[in-house]
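Engineer: Here it is: the structure, laid out below.
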Amino acid sequence: MAVAQKISAIMSQASWIRKMFEEGARLKARHGADKVFDFSLGNPNVAPPEKFHETLRDAVSSCGLGDHCYMPQTGFPQVCDAVAAYLSQEQGVTAECGDIVMTCGAAGALNVIFKALLDPGDEVIVPTPCFVEYRFYVDNHGGVIRMVPTRGDFSLDLKAVEAAINPKTKAVLINSPNNPTGQIYSAESLKQLGTLLSAKSREGEVNRIIYLISDEPYRKIVFDGHQVPSIFQAYNDSLIATSYSKDLSIPGERIGFAAVNPAAAFKMDIRAGLTLANRILGFVNAPALMQRVIACLQGASVDMNEYKRKRDLLCDGLAQAGYEFVRPPGAFYLFPKTPIADDVAFVRELQQELILTVPGSGFAGPGHFRIAFCVEDRTIINALPGFGRVMAKYR
């Protein structure tokens, strides 16, 4: 066998997102790109703000000796200072340069965190539906993912989390706003989660800190006045993994960071562990040019009204066609129920209308399907009749 058995097994269970993306390429080649309505990939389609382009040009033109060299594994100190200052304001805590590790996106941050925290066999509890790659990130570092359900509206089910905690539990991983549901976990639920983890960490059956990890790349993509609560205020032994991919529309630049709660009990050990993990995983450091750019763009983002308009256009059209869903308060995904139990079969029916979505089973959310509405308005408008025809078969 050319590749490792483990990788071969993972390849055979390839991500539904990628499967549908590849199916889209095939259909576009056959029918023409304008005839295929591709909602499969969460690839931002709103252009980066002009300030990003201006800052990028300035950064390139002002590059001097050392600007493309190695730097501390945590990132340029002046960049970490800028990120810590903004994070302090956002989270309502006082973070400092050393609490930040610049990473190759949020995915890089999560892998760095898991490498630093997990021993073989440690369990990570993840509320579902969840991002499909989480199980691979945890497995990369010897951990075991333990998925628990959320409530009907995709809010946290704290009883399910509590039931899953056992002596092997090392962390709980949450994602808010959530991919694939767009749900935002409330401040009260996070506070209760923090109280639960504090209590369980002290109990004899666990007797070690259970960390709370928050994956927050969609933090700024919120609608209707919603806000994403502070994870650092909810629980001291917490970490954040995030990126600038979605709010600045630069996913290809692979720039993000991991942050340790300044109040964490073993903060210095965690900082050192993250720094080492960033190096030995082969990231070494986050891209130097992008670090210099985002240092000047703290708080900047694309116009979220663009995504709100797309959400409302899609939701209004699907509601009229008879689809059931929770209108997402954040992110750029909709996760409707399928009118039949077999979500894969339903998604294949949509393909007959040249509509590409992703089965909810791929996100541990069977009986649903994900629509990424970060697409052109005309894609939504032109797809709505097809969505309606498919639903009509089951009404």
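Ordering of the structure tokens sets the chain letters (A, B, ...), residue numbers begin anew at 1 in every chain, and ligands are numbered from 1 in the order given.
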If you count only C-alpha atoms, which residues fall within 9 Å of His68 (chain A), apart from same-chain ones fewer than 5 positions away, as a VMD selection string?
Structural biologist: chain A and resid 63 287 to 289
Engineer: Those residues you just picked out, can you put them in a file as a PDB file, in the first residue's frame with C-alpha atoms?
Structural biologist:
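Saved result, again09.pdb, follows:
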```pdb
ATOM      1  CA  CYS A  63       9.779  45.495   3.692  1.00  0.00           C
ATOM      2  CA  PRO A 287       3.404  33.833   7.575  1.00  0.00           C
ATOM      3  CA  ALA A 288       5.534  36.912   8.227  1.00  0.00           C
ATOM      4  CA  LEU A 289       3.934  39.225   5.662  1.00  0.00           C
TER       5      LEU A 289
END
```
Engineer: Which residues come within 10 Å of region 390-392 of chain A, counting only C-alpha atoms, excluding same-chain residues fewer than 6 positions away, as a ChimeraX atom specification?
Structural biologist: /A:318,321-323,338-339,346-347,349-353
Engineer: Write out, as a CSV table (one decimal), in the first residue's frame, the residues just selected, with N, CA and C atoms.
Structural biologist:
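For reference, selection25.csv as written:
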```csv
chain,number,residue,atom,x,y,z
A,318,LEU,N,-36.7,29.7,1.0
A,318,LEU,CA,-36.8,28.3,1.5
A,318,LEU,C,-38.1,28.2,2.4
A,321,ALA,N,-41.0,27.8,0.4
A,321,ALA,CA,-41.1,26.5,-0.3
A,321,ALA,C,-41.4,25.4,0.7
A,322,GLY,N,-41.4,25.7,2.0
A,322,GLY,CA,-41.8,24.7,3.0
A,322,GLY,C,-40.7,24.1,3.8
A,323,TYR,N,-39.5,24.6,3.7
A,323,TYR,CA,-38.4,24.0,4.4
A,323,TYR,C,-38.5,24.5,5.9
A,338,THR,N,-34.2,17.9,6.5
A,338,THR,CA,-34.6,17.3,5.2
A,338,THR,C,-36.0,16.7,5.5
A,339,PRO,N,-36.8,16.7,4.4
A,339,PRO,CA,-38.2,16.2,4.6
A,339,PRO,C,-38.2,14.6,4.7
A,346,PHE,N,-31.6,12.9,0.0
A,346,PHE,CA,-32.3,14.2,-0.3
A,346,PHE,C,-31.3,15.2,-1.1
A,347,VAL,N,-30.0,15.2,-0.6
A,347,VAL,CA,-29.0,16.0,-1.3
A,347,VAL,C,-28.8,15.5,-2.7
A,349,GLU,N,-31.2,14.3,-4.6
A,349,GLU,CA,-32.3,14.9,-5.3
A,349,GLU,C,-32.1,16.3,-5.7
A,350,LEU,N,-31.5,17.1,-4.8
A,350,LEU,CA,-31.1,18.5,-5.1
A,350,LEU,C,-30.1,18.5,-6.3
A,351,GLN,N,-29.2,17.5,-6.3
A,351,GLN,CA,-28.2,17.5,-7.4
A,351,GLN,C,-28.9,17.4,-8.8
A,352,GLN,N,-30.1,16.7,-8.8
A,352,GLN,CA,-30.8,16.6,-10.1
A,352,GLN,C,-31.2,18.0,-10.6
A,353,GLU,N,-31.3,18.9,-9.7
A,353,GLU,CA,-31.6,20.3,-10.0
A,353,GLU,C,-30.4,21.1,-10.2
```
Engineer: Taking only C-alpha atoms into account, which of A:Ile294, A:Val3, A:Ile165, A:Ala265 comes nearest Tyr244 (chain A)?
Structural biologist: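 Ranked by minimum distance to Tyr244 (chain A), first place goes to A:Ile294.
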Engineer: Using only C-alpha atoms, which residue out of A:Gly252, A:Gly194, A:Gly64, A:Pro262 lies closest to Asn43 (chain A)?
Structural biologist: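 Closest candidate: A:Gly252.
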Engineer: One number please: CA of Gly256 (chain A) to CA of Ser198 (chain A), in Å, one decimal.
Structural biologist: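 Here the two named atoms are 28.2 Å from each other.
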Engineer: Can you work out the spacing between CA of Cys130 (chain A) and CA of Arg151 (chain A) in Å, to one decimal?
Structural biologist: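 Result for CA of Cys130 (chain A) versus CA of Arg151 (chain A): 13.3 Å, one decimal.
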Engineer: Between A:Gln192, A:Asn278, A:Asn305, A:Gln183, single out the one closest to Ala331 (chain A), counting only C-alpha atoms.
Structural biologist: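 For Ala331 (chain A), the nearest of the candidates is A:Gln183.
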Engineer: What's the 7 Å shell around region 364-379 of chain A, counting only C-alpha atoms, without same-chain residues fewer than 4 positions away, as a PyMOL selection string?
Structural biologist: chain A and resi 37+39-45+128-130+180+307+310-311+332-338+341-343+357-360+383
Engineer: How many Å separate CA of Cys97 (chain A) from CA of Gly299 (chain A)?
Structural biologist: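 Those two atoms sit 17.2 Å apart.
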Engineer: List the neighbours of Val124 (chain A) out to 9 Å using only C-alpha atoms; skip same-chain residues closer than 5 positions along the sequence, and give me the result as JSON, numbers by chain.
Structural biologist: {"A": [118, 138, 143, 144, 145, 146, 147, 168, 169, 170, 171, 172, 173]}
Engineer: Keeping only N, CA and C atoms, write those residues as a short mmCIF file (atom, residue, chain, number, x, y, z; two decimals), in the first residue's frame.
Structural biologist:
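Saved the output as out.cif:
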```
data_model
loop_
_atom_site.label_atom_id
_atom_site.label_comp_id
_atom_site.auth_asym_id
_atom_site.auth_seq_id
_atom_site.Cartn_x
_atom_site.Cartn_y
_atom_site.Cartn_z
N LEU A 118 -2.95 17.28 24.69
CA LEU A 118 -3.45 15.91 24.72
C LEU A 118 -2.37 14.88 24.93
N VAL A 138 -8.22 16.12 16.39
CA VAL A 138 -8.05 15.46 17.69
C VAL A 138 -7.24 14.18 17.53
N GLY A 143 -5.67 11.97 20.55
CA GLY A 143 -6.91 12.12 21.30
C GLY A 143 -8.06 11.34 20.70
N VAL A 144 -9.15 11.31 21.43
CA VAL A 144 -10.37 10.63 21.00
C VAL A 144 -11.51 11.63 21.08
N ILE A 145 -12.22 11.81 19.99
CA ILE A 145 -13.34 12.75 19.99
C ILE A 145 -14.58 12.07 20.56
N ARG A 146 -15.31 12.79 21.38
CA ARG A 146 -16.54 12.27 21.97
C ARG A 146 -17.65 13.27 21.67
N MET A 147 -18.49 12.94 20.72
CA MET A 147 -19.53 13.86 20.26
C MET A 147 -20.77 13.75 21.11
N LYS A 168 -11.19 10.39 31.49
CA LYS A 168 -10.35 10.59 30.31
C LYS A 168 -10.58 11.96 29.66
N THR A 169 -11.58 12.69 30.12
CA THR A 169 -11.90 13.97 29.49
C THR A 169 -10.79 14.99 29.74
N LYS A 170 -10.28 15.58 28.66
CA LYS A 170 -9.25 16.60 28.79
C LYS A 170 -9.74 17.97 28.35
N ALA A 171 -10.72 18.00 27.46
CA ALA A 171 -11.17 19.30 26.94
C ALA A 171 -12.58 19.19 26.38
N VAL A 172 -13.21 20.34 26.30
CA VAL A 172 -14.46 20.52 25.56
C VAL A 172 -14.18 21.53 24.47
N LEU A 173 -14.55 21.19 23.25
CA LEU A 173 -14.33 22.08 22.11
C LEU A 173 -15.67 22.59 21.61
#
```
Engineer: Which residue out of A:Ile7, A:Asp247, A:Gly121, A:Leu158 has the minimum interatomic distance to Glu306 (chain A) when only C-alpha atoms are used?
Structural biologist: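 Of A:Ile7, A:Asp247, A:Gly121, A:Leu158, the one nearest Glu306 (chain A), counting only C-alpha atoms, is A:Asp247.
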Engineer: So which one's closest to Met304 (chain A), A:Gly24, A:Gly362, A:Pro48, A:Pro229? Using only C-alpha atoms, please.
Structural biologist: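 Selected residue with least distance to Met304 (chain A): A:Pro48.
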Engineer: I'd like to know which residues of region 169-207 of chain A are strand (DSSP E or B) (by DSSP, run on the backbone); could you write them as a PDB file with C-alpha atoms, in the first residue's frame?
Structural biologist:
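Output (result.pdb):
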```pdb
ATOM      1  CA  THR A 169     -11.901  13.975  29.491  1.00  0.00           C
ATOM      2  CA  LYS A 170      -9.245  16.604  28.788  1.00  0.00           C
ATOM      3  CA  ALA A 171     -11.173  19.297  26.938  1.00  0.00           C
ATOM      4  CA  VAL A 172     -14.462  20.516  25.563  1.00  0.00           C
ATOM      5  CA  LEU A 173     -14.333  22.081  22.105  1.00  0.00           C
ATOM      6  CA  ILE A 174     -17.048  24.513  21.044  1.00  0.00           C
ATOM      7  CA  ASN A 175     -17.573  26.528  17.869  1.00  0.00           C
TER       8      ASN A 175
END
```
Engineer: Write out as a VMD selection string the residues lying within 12 Å of Leu197 (chain A), counting only C-alpha atoms and excluding same-chain residues fewer than 5 positions away.
Structural biologist: chain A and resid 125 158 161 to 166 169 to 172 190 to 192 202 to 203 206 to 213 234 to 238
Engineer: Here is a test: counting only C-alpha atoms, which residue of A:Val344, A:Ala300, A:Leu384, A:Val46 is nearest to Gly317 (chain A)?
Structural biologist: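 Checking each of A:Val344, A:Ala300, A:Leu384, A:Val46 against Gly317 (chain A), counting only C-alpha atoms, the winner is A:Leu384.
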Engineer: Can you list, as a PyMOL selection string, every residue of region 130-340 of chain A that DSSP puts in helix (DSSP H, G or I)?
Structural biologist: chain A and resi 134-140+158-164+187-202+231-234+251-253+267-280+288-294+304-321
